[in-house]
$ cat data_32.cif   # mmCIF, C-alpha atoms
data_entry
loop_
_atom_site.label_atom_id
_atom_site.label_comp_id
_atom_site.auth_asym_id
_atom_site.auth_seq_id
_atom_site.Cartn_x
_atom_site.Cartn_y
_atom_site.Cartn_z
CA MET A 1 55.09 -7.67 11.35
CA THR A 2 58.25 -8.77 9.61
CA ASN A 3 58.72 -11.83 7.46
CA ASN A 4 61.12 -13.20 10.05
CA ALA A 5 58.44 -12.94 12.67
CA LEU A 6 56.00 -14.68 10.34
CA THR A 7 58.22 -17.72 10.07
CA SER A 8 59.33 -17.88 13.69
CA LEU A 9 56.59 -20.18 15.02
CA SER A 10 57.25 -23.90 15.13
CA CYS A 11 54.52 -26.52 14.62
CA ASP A 12 54.58 -27.02 18.40
CA ASP A 13 53.98 -23.31 19.04
CA VAL A 14 51.22 -23.20 16.46
CA ARG A 15 49.42 -26.26 17.82
CA GLU A 16 49.46 -24.87 21.34
CA LEU A 17 47.81 -21.71 20.05
CA LEU A 18 45.37 -23.70 17.91
CA ALA A 19 44.33 -25.84 20.90
CA VAL A 20 43.59 -22.77 23.00
CA GLN A 21 41.76 -20.99 20.18
CA ALA A 22 39.64 -24.02 19.35
CA LEU A 23 38.60 -24.40 22.98
CA GLU A 24 37.83 -20.69 23.29
CA GLY A 25 35.70 -20.92 20.15
CA HIS A 26 37.91 -19.16 17.65
CA LEU A 27 38.83 -21.41 14.74
CA ALA A 28 39.98 -18.37 12.82
CA THR A 29 42.63 -16.26 14.48
CA THR A 30 44.01 -12.76 14.39
CA ASP A 31 47.51 -14.11 14.83
CA ASP A 32 48.87 -13.76 11.34
CA ARG A 33 51.82 -16.01 12.19
CA VAL A 34 49.43 -18.91 12.86
CA GLU A 35 47.44 -18.27 9.69
CA GLN A 36 50.65 -17.97 7.70
CA HIS A 37 52.01 -21.18 9.17
CA CYS A 38 48.79 -23.08 8.46
CA LEU A 39 48.84 -21.95 4.84
CA THR A 40 52.03 -23.86 4.27
CA CYS A 41 51.74 -26.69 6.82
CA GLU A 42 49.22 -29.35 5.93
CA ASP A 43 49.76 -31.21 9.23
CA CYS A 44 48.87 -28.16 11.29
CA ARG A 45 45.82 -27.50 9.11
CA GLN A 46 44.73 -31.05 9.89
CA VAL A 47 45.37 -30.51 13.60
CA ARG A 48 43.27 -27.34 13.47
CA GLN A 49 40.43 -29.30 11.87
CA ASP A 50 40.77 -32.11 14.43
CA TYR A 51 40.72 -29.68 17.35
CA GLY A 52 37.57 -28.19 15.86
CA GLU A 53 36.01 -31.66 15.75
CA VAL A 54 37.00 -32.32 19.36
CA THR A 55 35.46 -29.12 20.69
CA GLY A 56 32.36 -29.85 18.61
CA LEU A 57 31.93 -33.07 20.58
CA LEU A 58 32.61 -31.92 24.14
CA ALA A 59 28.99 -31.14 24.94
CA PHE A 60 28.07 -34.77 24.23
CA GLY A 61 29.82 -35.51 27.53
CA LEU A 62 27.13 -33.75 29.55
CA PRO A 63 24.09 -35.51 30.96
CA ASP A 64 21.17 -34.29 28.89
CA ALA A 65 18.57 -31.96 30.33
CA PRO A 66 15.08 -31.75 28.86
CA PRO A 67 13.68 -28.22 28.51
CA SER A 68 10.07 -27.61 29.44
CA PRO A 69 7.58 -28.44 26.64
CA ALA A 70 6.61 -24.76 26.44
CA VAL A 71 9.99 -23.87 24.95
CA ARG A 72 9.10 -25.57 21.67
CA ASP A 73 5.96 -23.43 21.42
CA ARG A 74 7.94 -20.30 22.20
CA VAL A 75 10.38 -21.16 19.41
CA ARG A 76 7.43 -21.48 17.01
CA LEU A 77 6.07 -18.16 18.18
CA ARG A 78 9.38 -16.43 17.68
CA LEU A 79 9.65 -17.92 14.19
CA ALA A 80 6.26 -16.42 13.37
CA VAL A 81 7.44 -13.03 14.63
CA THR A 82 10.63 -13.34 12.59
CA ARG A 83 8.67 -14.21 9.47
CA GLU A 84 6.41 -11.21 10.02
CA LYS A 85 9.40 -8.91 10.39
CA GLN A 86 10.90 -10.26 7.18
CA ARG A 87 7.63 -9.75 5.35
CA SER A 88 7.41 -6.19 6.65
CA ARG A 89 10.91 -5.56 5.37
CA TRP A 90 9.71 -6.47 1.90
CA LEU A 91 6.41 -4.59 2.13
CA TRP A 92 7.88 -1.36 3.49
CA PRO A 93 9.62 -0.24 0.30
CA ALA A 94 6.47 -1.02 -1.69
CA SER A 95 4.35 1.12 0.61
CA ILE A 96 6.79 3.99 0.23
CA ALA A 97 6.49 3.63 -3.50
CA ALA A 98 2.69 3.65 -3.37
CA ALA A 99 2.61 6.65 -1.09
CA CYS A 100 4.94 8.58 -3.31
CA ALA A 101 2.89 7.56 -6.34
CA LEU A 102 5.49 8.98 -8.62
CA SER A 103 5.77 6.10 -11.02
CA LEU A 104 6.00 2.36 -10.99
CA ALA A 105 9.57 2.50 -12.14
CA LEU A 106 10.57 4.93 -9.45
CA GLY A 107 8.78 2.80 -6.84
CA VAL A 108 10.65 -0.30 -7.91
CA LEU A 109 13.90 1.61 -7.79
CA ILE A 110 13.21 2.85 -4.25
CA GLY A 111 12.26 -0.64 -3.16
CA ALA A 112 15.37 -2.17 -4.62
CA LEU A 113 17.64 0.44 -3.10
CA THR A 114 16.02 0.13 0.31
CA TRP A 115 16.38 -3.63 0.34
CA ALA A 116 19.82 -3.94 -1.14
CA GLY A 117 21.50 -0.91 0.34
CA GLY A 118 22.27 0.49 -3.09
CA ASP A 119 23.99 -2.62 -4.34
CA THR A 120 23.06 -4.94 -7.15
CA ALA A 121 20.30 -7.55 -6.89
CA PRO A 122 20.65 -10.21 -4.17
CA ALA A 123 22.39 -13.42 -5.13
CA ASP A 124 19.98 -15.90 -6.66
CA ASP A 125 20.24 -19.06 -4.58
CA GLU A 126 20.17 -21.20 -7.72
CA ALA A 127 23.04 -19.25 -9.26
CA VAL A 128 25.33 -19.59 -6.24
CA SER A 129 27.98 -22.12 -7.15
CA HIS A 130 30.03 -21.84 -3.95
CA ARG A 131 29.23 -20.59 -0.48
CA TYR A 132 31.91 -19.84 2.11
CA VAL A 133 31.40 -18.82 5.70
CA LEU A 134 33.38 -15.91 7.11
CA GLU A 135 34.13 -16.66 10.74
CA ALA A 136 34.88 -14.12 13.42
CA ALA A 137 38.56 -13.78 14.16
CA ALA A 138 39.57 -13.25 17.77
CA ALA A 139 39.46 -9.42 17.49
CA ALA A 140 35.83 -9.47 16.36
CA PRO A 141 32.80 -10.03 18.58
CA GLN A 142 31.68 -13.64 18.56
CA ASP A 143 28.42 -12.74 16.87
CA ALA A 144 30.15 -11.24 13.85
CA TRP A 145 30.00 -13.44 10.79
CA GLY A 146 29.56 -13.31 7.09
CA GLU A 147 29.40 -15.32 3.92
CA VAL A 148 30.73 -15.19 0.42
CA LEU A 149 28.28 -16.32 -2.27
CA VAL A 150 30.08 -17.07 -5.50
CA ASN A 151 28.30 -17.00 -8.84
CA ARG A 152 30.91 -18.69 -10.98
CA GLU A 153 29.00 -18.22 -14.24
CA ALA A 154 28.65 -14.49 -13.75
CA GLY A 155 32.18 -14.18 -12.34
CA VAL A 156 30.99 -12.28 -9.30
CA ALA A 157 30.80 -12.88 -5.56
CA THR A 158 28.39 -11.35 -3.09
CA LEU A 159 30.00 -10.68 0.24
CA LEU A 160 27.67 -10.40 3.22
CA ALA A 161 28.81 -9.46 6.71
CA TYR A 162 26.81 -9.05 9.90
CA ASP A 163 27.36 -7.63 13.36
CA LEU A 164 30.59 -5.86 12.49
CA PRO A 165 31.68 -3.49 15.26
CA ALA A 166 31.58 0.26 14.60
CA LEU A 167 34.82 1.61 13.15
CA PRO A 168 37.01 4.31 14.68
CA ALA A 169 36.98 7.52 12.63
CA GLY A 170 39.04 7.20 9.47
CA SER A 171 39.28 3.40 9.61
CA VAL A 172 37.77 1.13 6.98
CA TYR A 173 36.94 -2.53 6.57
CA GLN A 174 39.00 -3.94 3.72
CA PHE A 175 38.58 -7.37 2.23
CA TRP A 176 41.28 -9.43 0.64
CA PHE A 177 41.79 -12.65 -1.24
CA VAL A 178 44.41 -14.98 0.23
CA GLN A 179 46.63 -15.95 -2.66
CA PRO A 180 48.20 -19.42 -3.04
CA ASP A 181 51.52 -18.17 -1.63
CA GLY A 182 49.76 -16.74 1.43
CA SER A 183 50.04 -13.09 0.39
CA ARG A 184 46.90 -10.95 0.42
CA LEU A 185 45.38 -9.52 -2.75
CA PRO A 186 43.38 -6.37 -1.99
CA ALA A 187 39.77 -6.65 -3.20
CA ASP A 188 37.69 -3.71 -2.02
CA VAL A 189 36.50 -1.68 0.92
CA LEU A 190 33.40 -2.71 2.80
CA ALA A 191 30.98 -0.13 4.17
CA PRO A 192 28.73 -1.49 6.94
CA ASP A 193 25.48 0.23 7.84
CA GLY A 194 24.60 1.45 11.30
CA ALA A 195 23.68 -2.07 12.42
CA GLY A 196 27.06 -3.46 11.37
CA SER A 197 25.72 -5.22 8.26
CA ALA A 198 27.35 -4.91 4.88
CA ARG A 199 26.66 -6.27 1.44
CA HIS A 200 28.98 -5.90 -1.49
CA VAL A 201 29.30 -7.45 -4.93
CA ILE A 202 32.76 -7.84 -6.41
CA ASN A 203 34.13 -9.10 -9.69
CA LEU A 204 36.14 -12.25 -9.13
CA PRO A 205 39.73 -12.40 -10.31
CA GLY A 206 40.22 -14.94 -13.11
CA ASN A 207 42.17 -17.27 -10.85
CA TRP A 208 39.83 -16.98 -7.85
CA SER A 209 39.53 -20.75 -7.47
CA ASP A 210 43.28 -20.92 -6.87
CA MET A 211 42.90 -18.56 -3.94
CA ARG A 212 43.13 -20.03 -0.45
CA GLY A 213 40.41 -17.93 1.09
CA MET A 214 39.21 -14.46 1.88
CA CYS A 215 39.53 -12.20 4.88
CA ILE A 216 38.37 -8.86 6.16
CA THR A 217 40.67 -6.59 8.14
CA ARG A 218 40.14 -3.33 9.96
CA GLU A 219 42.51 -0.87 8.29
CA PRO A 220 43.60 2.47 9.72
CA ALA A 221 43.12 3.95 6.22
CA PRO A 222 42.04 2.70 2.79
CA GLY A 223 44.47 1.93 -0.02
CA SER A 224 47.04 -0.40 1.57
CA ASP A 225 48.68 -3.07 -0.57
CA GLU A 226 48.78 -5.48 2.33
CA PRO A 227 46.89 -5.71 5.64
CA GLN A 228 47.99 -3.25 8.30
CA GLY A 229 45.21 -3.87 10.80
CA PRO A 230 43.73 -6.82 12.70
CA TYR A 231 41.71 -9.60 11.11
CA VAL A 232 37.98 -9.41 11.65
CA LEU A 233 36.49 -12.19 9.50
CA VAL A 234 38.22 -15.07 7.76
CA ALA A 235 37.02 -17.74 5.29
CA TRP A 236 39.11 -20.58 3.90
CA TRP A 237 38.38 -22.62 0.81
CA VAL B 1 37.35 -13.31 36.34
CA ARG B 2 36.24 -13.85 39.89
CA ARG B 3 32.65 -12.98 38.98
CA LEU B 4 32.66 -15.38 36.07
CA HIS B 5 34.30 -18.05 38.11
CA HIS B 6 31.74 -17.49 40.84
CA SER B 7 28.96 -18.08 38.31
CA TYR B 8 30.82 -21.10 37.04
CA GLU B 9 31.19 -22.63 40.47
CA GLN B 10 27.57 -21.83 41.26
CA ALA B 11 26.60 -23.75 38.18
CA GLY B 12 28.25 -26.82 39.62
CA HIS B 13 31.41 -26.74 37.54
CA GLY B 14 33.72 -27.26 40.45
CA VAL B 15 33.54 -31.05 40.28
CA ASN B 16 34.15 -33.59 37.58
CA ILE B 17 31.17 -32.95 35.34
CA PHE B 18 31.93 -35.76 32.92
CA GLU B 19 30.77 -38.72 34.93
CA VAL B 20 30.23 -41.92 33.00
CA ARG B 21 26.89 -43.25 34.14
CA ALA B 22 26.55 -46.94 34.68
CA ASP B 23 23.08 -46.88 33.13
CA ALA B 24 24.20 -45.34 29.84
CA PRO B 25 22.29 -46.89 26.94
CA PRO B 26 23.93 -49.83 25.19
CA LEU B 27 25.83 -49.14 22.00
CA ARG B 28 23.71 -51.48 19.93
CA ASP B 29 20.72 -49.11 20.31
CA ALA B 30 22.47 -46.20 18.64
CA THR B 31 21.77 -44.86 15.21
CA PRO B 32 25.09 -44.76 13.34
CA ASP B 33 26.73 -41.33 13.59
CA GLN B 34 27.18 -41.17 9.85
CA GLN B 35 23.45 -41.60 9.28
CA ARG B 36 22.73 -38.92 11.86
CA SER B 37 25.03 -36.48 10.10
CA LEU B 38 23.28 -37.12 6.81
CA ASP B 39 19.88 -36.62 8.45
CA ASP B 40 21.07 -33.41 10.11
CA ALA B 41 22.42 -32.04 6.83
CA ALA B 42 19.12 -32.83 5.12
CA LEU B 43 17.26 -30.93 7.82
CA ILE B 44 19.52 -27.91 7.41
CA ALA B 45 18.97 -28.00 3.65
CA ARG B 46 15.21 -27.89 4.28
CA ILE B 47 15.61 -25.08 6.82
CA LYS B 48 17.51 -23.07 4.22
CA LYS B 49 14.39 -23.39 2.08
CA ARG B 50 12.36 -21.97 5.00
CA ASP B 51 10.80 -25.28 6.05
CA GLU B 52 9.62 -24.61 9.60
CA ALA B 53 8.82 -28.28 10.22
CA ALA B 54 12.47 -29.11 9.58
CA LEU B 55 13.55 -26.61 12.22
CA LEU B 56 11.21 -28.18 14.72
CA ASP B 57 12.52 -31.63 13.81
CA LEU B 58 16.02 -30.35 14.48
CA TYR B 59 14.78 -28.88 17.76
CA ASP B 60 13.25 -32.21 18.78
CA ARG B 61 16.49 -33.98 18.01
CA TYR B 62 18.86 -31.62 19.83
CA GLN B 63 16.77 -29.91 22.51
CA ARG B 64 18.09 -32.00 25.40
CA LEU B 65 21.72 -31.82 24.41
CA LEU B 66 21.63 -28.07 23.76
CA MET B 67 19.66 -27.45 26.92
CA ALA B 68 22.29 -29.43 28.84
CA LEU B 69 25.05 -27.25 27.40
CA ALA B 70 23.15 -24.01 27.98
CA LEU B 71 22.27 -25.06 31.52
CA ARG B 72 25.86 -26.02 32.25
CA ILE B 73 27.06 -22.61 31.10
CA VAL B 74 24.44 -20.26 32.50
CA GLY B 75 23.47 -22.28 35.55
CA ASP B 76 19.69 -21.80 35.74
CA ARG B 77 16.85 -23.39 33.82
CA GLU B 78 14.96 -20.22 32.99
CA THR B 79 17.94 -18.53 31.37
CA ALA B 80 19.02 -21.75 29.69
CA GLU B 81 15.59 -22.04 28.07
CA GLU B 82 15.90 -18.47 26.80
CA VAL B 83 19.27 -19.36 25.34
CA LEU B 84 17.75 -22.44 23.71
CA GLN B 85 15.07 -20.31 22.04
CA ASP B 86 17.68 -17.84 20.84
CA VAL B 87 19.73 -20.66 19.37
CA PHE B 88 16.91 -21.92 17.18
CA VAL B 89 15.93 -18.45 16.03
CA ARG B 90 19.57 -17.94 15.05
CA VAL B 91 19.59 -21.27 13.24
CA TRP B 92 16.50 -20.16 11.33
CA GLU B 93 17.94 -16.76 10.47
CA GLY B 94 21.49 -17.95 9.84
CA SER B 95 21.06 -21.37 8.25
CA ALA B 96 22.87 -20.09 5.16
CA MET B 97 26.06 -19.79 7.18
CA PHE B 98 26.21 -23.50 7.89
CA ASP B 99 28.87 -25.12 5.74
CA GLU B 100 29.05 -28.89 6.11
CA ARG B 101 32.64 -28.92 4.86
CA ARG B 102 33.65 -27.03 7.97
CA GLY B 103 32.00 -29.26 10.54
CA THR B 104 28.95 -31.20 11.59
CA VAL B 105 25.54 -29.78 12.33
CA SER B 106 25.92 -30.79 15.98
CA SER B 107 29.19 -28.91 16.40
CA TRP B 108 27.63 -25.86 14.70
CA LEU B 109 24.67 -25.99 17.08
CA PHE B 110 26.92 -26.44 20.10
CA GLY B 111 28.99 -23.47 18.95
CA ILE B 112 25.94 -21.21 18.67
CA THR B 113 24.67 -22.39 22.05
CA ARG B 114 28.00 -21.90 23.75
CA ASN B 115 28.49 -18.42 22.30
CA ARG B 116 25.01 -17.33 23.27
CA GLY B 117 25.36 -18.87 26.73
CA ILE B 118 28.65 -17.11 27.35
CA ASP B 119 27.20 -13.79 26.17
CA VAL B 120 24.44 -14.22 28.71
CA LEU B 121 26.85 -15.39 31.40
CA ARG B 122 28.89 -12.23 30.96
CA SER B 123 25.90 -9.92 31.02
CA ALA B 124 25.42 -7.84 34.13
CA GLN B 125 21.76 -8.80 34.27
CA HIS B 126 22.52 -12.47 34.53
CA ARG B 127 25.24 -11.95 37.12
CA ALA B 128 22.77 -10.00 39.21
CA ARG B 129 20.21 -12.77 38.86
CA ASN B 130 22.82 -15.33 39.88
CA ARG B 131 23.68 -13.40 43.00
CA GLU B 132 20.05 -13.42 44.06
CA ARG B 133 19.66 -17.14 43.51
CA GLU B 134 19.76 -19.26 46.61
CA GLU B 135 20.42 -22.63 45.10
CA LEU B 136 20.78 -24.18 41.72
CA PRO B 137 18.75 -27.07 40.37
CA GLU B 138 20.34 -30.43 39.91
CA GLN B 139 21.25 -31.12 36.33
CA ARG B 140 20.27 -34.69 35.83
CA GLY B 141 18.45 -36.04 32.80
CA ASP B 142 17.28 -39.34 31.41
CA ASP B 143 19.94 -40.28 28.90
CA ALA B 144 17.92 -43.21 27.61
CA ASP B 145 15.65 -40.74 25.82
CA VAL B 146 18.44 -39.75 23.49
CA ALA B 147 19.66 -43.18 22.47
CA GLU B 148 20.23 -41.71 19.03
CA PHE B 149 23.41 -40.14 20.37
CA ALA B 150 24.44 -43.03 22.57
CA THR B 151 27.60 -44.03 20.72
CA THR B 152 28.97 -40.53 20.62
CA ARG B 153 28.03 -39.79 24.21
CA VAL B 154 29.68 -42.88 25.61
CA LEU B 155 32.81 -42.24 23.55
CA VAL B 156 33.07 -38.61 24.60
CA ARG B 157 32.41 -39.34 28.25
CA GLU B 158 35.01 -42.08 28.30
CA ALA B 159 37.51 -39.78 26.65
CA LEU B 160 36.84 -36.95 29.09
CA HIS B 161 36.76 -39.29 32.07
CA HIS B 162 40.29 -40.40 31.31
CA LEU B 163 41.70 -36.89 31.25
CA PRO B 164 43.83 -36.25 34.32
CA ALA B 165 42.27 -33.59 36.55
CA GLU B 166 45.01 -31.04 35.84
CA ARG B 167 44.14 -31.23 32.14
CA ARG B 168 40.39 -31.49 32.56
CA ARG B 169 39.99 -28.41 34.78
CA PRO B 170 41.26 -25.83 32.26
CA VAL B 171 39.11 -27.49 29.57
CA GLU B 172 36.04 -27.16 31.80
CA LEU B 173 36.81 -23.58 32.75
CA VAL B 174 37.40 -22.43 29.18
CA TYR B 175 34.78 -24.44 27.30
CA PHE B 176 31.92 -24.53 29.80
CA GLY B 177 32.88 -21.57 31.97
CA GLY B 178 33.47 -19.16 29.09
CA LEU B 179 36.81 -18.06 30.48
CA THR B 180 39.77 -17.22 28.32
CA HIS B 181 42.85 -19.33 28.91
CA GLN B 182 44.43 -16.35 30.70
CA GLU B 183 41.43 -16.15 33.04
CA ALA B 184 41.52 -19.91 33.56
CA ALA B 185 45.20 -19.68 34.52
CA GLU B 186 44.34 -17.00 37.05
CA VAL B 187 41.49 -19.04 38.53
CA LEU B 188 43.61 -22.18 38.73
CA GLY B 189 46.65 -20.32 40.03
CA THR B 190 48.89 -21.89 37.44
CA PRO B 191 51.34 -20.07 35.16
CA LEU B 192 49.93 -19.14 31.76
CA GLY B 193 52.42 -21.33 29.92
CA THR B 194 51.53 -24.32 32.09
CA THR B 195 47.82 -23.77 31.49
CA LYS B 196 48.29 -23.52 27.73
CA GLY B 197 50.45 -26.64 27.76
CA ARG B 198 47.81 -28.56 29.70
CA ILE B 199 45.06 -27.43 27.36
CA ARG B 200 47.09 -28.54 24.39
CA ALA B 201 47.88 -31.90 26.07
CA ALA B 202 44.16 -32.38 26.83
CA MET B 203 43.18 -31.56 23.27
CA ASP B 204 45.78 -33.95 21.89
CA GLN B 205 44.62 -36.71 24.22
CA LEU B 206 41.00 -36.13 23.21
CA ARG B 207 41.99 -35.90 19.57
CA THR B 208 43.55 -39.34 19.52
CA ILE B 209 40.22 -40.80 20.65
CA LEU B 210 37.62 -38.48 19.14
CA ALA B 211 39.26 -37.42 15.89
CA PRO B 212 41.76 -40.17 15.04
CA PRO B 213 43.51 -40.14 11.66
CA LYS B 214 41.06 -41.38 9.02
CA GLY B 215 42.90 -44.66 8.52
CA GLU B 216 42.56 -45.57 12.18
CA GLN B 217 38.80 -45.16 12.55
#

$ encode --input "data_32.cif" --output "structure tokens"
Amino acid sequence: MTNNALTSLSCDDVRELLAVQALEGHLATTDDRVEQHCLTCEDCRQVRQDYGEVTGLLAFGLPDAPPSPAVRDRVRLRLAVTREKQRSRWLWPASIAAACALSLALGVLIGALTWAGGDTAPADDEAVSHRYVLEAAAAAPQDAWGEVLVNREAGVATLLAYDLPALPAGSVYQFWFVQPDGSRLPADVLAPDGAGSARHVINLPGNWSDMRGMCITREPAPGSDEPQGPYVLVAWW
Amino acid sequence: VRRLHHSYEQAGHGVNIFEVRADAPPLRDATPDQQRSLDDAALIARIKKRDEAALLDLYDRYQRLLMALALRIVGDRETAEEVLQDVFVRVWEGSAMFDERRGTVSSWLFGITRNRGIDVLRSAQHRARNREREELPEQRGDDADVAEFATTRVLVREALHHLPAERRRPVELVYFGGLTHQEAAEVLGTPLGTTKGRIRAAMDQLRTILAPPKGEQ
């Protein structure tokens, strides 16, 4: 996409696209021209936020419908199952370690690697100074999402992504910072597991708080200086 | 598109679904929206700390509204109740993704419900179930039981009621029917540009009432 193309949308064009996207449920968009325009147009950013508020209220217009009382119990039951699954996820690495009986240190290592997918320790909730949500752009399935947990003191951010679609051979997920002028600063490549989940810790650039946001694109190959593929997840701050 | 639209029409979307009921609860009974938002945010904060009671409190507060949305989208009570369960499991598992700077708890919940409902609506299994269904239940509830939301509900219904039909239909088809704007244009038989223009006009009209500039509230 050329720079001319990037600047060719008027506020009117952008707002028409924003209205449609908000109603369809995509507040983030793959249309780079819209994102680019919103970076520099405060009015359109406000319109985007307002459209989001409007769609968030539409369901209040429906007459309410009480579910059967049994649904509440089924929710409780499913929470119990979820909790049990989470506990199993923690216990499983420990049981591997015990079975192997090699050494306590080795067991801990196996447990940590199994849980964290080979990355560093999970972000400590207390140490997270900022949390940003990565929303699915229009090219991604609606279930895809992620978050960026920033530990300002340590100068690192933990990027978590879920339900990413499988990549075509040779393609990679690349994440980028959105710089104040709207250009993208390459950060790193993201490697999701078979379930489409990914976890990655990155060192923050010194001026990260000046950045406008972060995005993940699907690149035909690693190593580009600027995005070549479609946007998958986007977070603004 | 035809299949989706068929489901949509079966679910009773073919008429004005935003009727303003004469027996809507009076405004004076409503809890202020601002207080509700604060309460909701506090519940989410507790859910993030794995407080199951907070999740059930949130369920009690929103069950009727979310059920109404799920039912409107998927068209049958059984499936809508499954969607409702899924929504609260997702809230439990994904509470960390809620960011109050990006919107209210209610809009986040509606978004999850709508996405899940549309996923179900588009699934072959649900379409098959819909084809077998002889008739759909009436969707009528007792609004007085959710007086907490009365102010917002009256405001939204009034705003939607005043949309001209040619603007309201694409909004209904896209938001509640799960159609894309291209599919909505096909269903309505209007050019794509016209449909987009009407959606934008509807959103602007709603915006002036539901999200006015801060100085005008």

$ residues_around --input "data_32.cif" --residues "region 163-165 of chain A" --least-positions-apart "5" --cutoff "8 Å" --atoms "all atoms listed in the file" --output "list in words"
Ala140, Pro141, Asp143, Ala144, Trp145, Pro192, Ala195, Gly196 and Ser197 of chain A

$ closest_residue --input "data_32.cif" --among "A:Val178, A:Val201, A:Ala169, A:Val34" --to "Glu219 (chain A)" --atoms "only C-alpha atoms"
A:Ala169

$ resolve_selection --input "data_32.cif" --expression "the PyMOL selection byres ((chain A) within 9 of (chain B))" --output "NGL selection string"
:A and (15-21 or 23-25 or 47 or 49-68 or 71-72 or 74-76 or 78-79 or 82 or 131-134 or 142-143 or 145-147)

$ atom_distance --input "data_32.cif" --atom1 "CA of Val232 (chain A)" --atom2 "CA of Glu135 (chain A)"
8.3 Å

$ closest_residue --input "data_32.cif" --among "A:Asp12, A:Glu42, A:Asp73, A:His130" --to "Trp208 (chain A)" --atoms "only C-alpha atoms"
A:His130
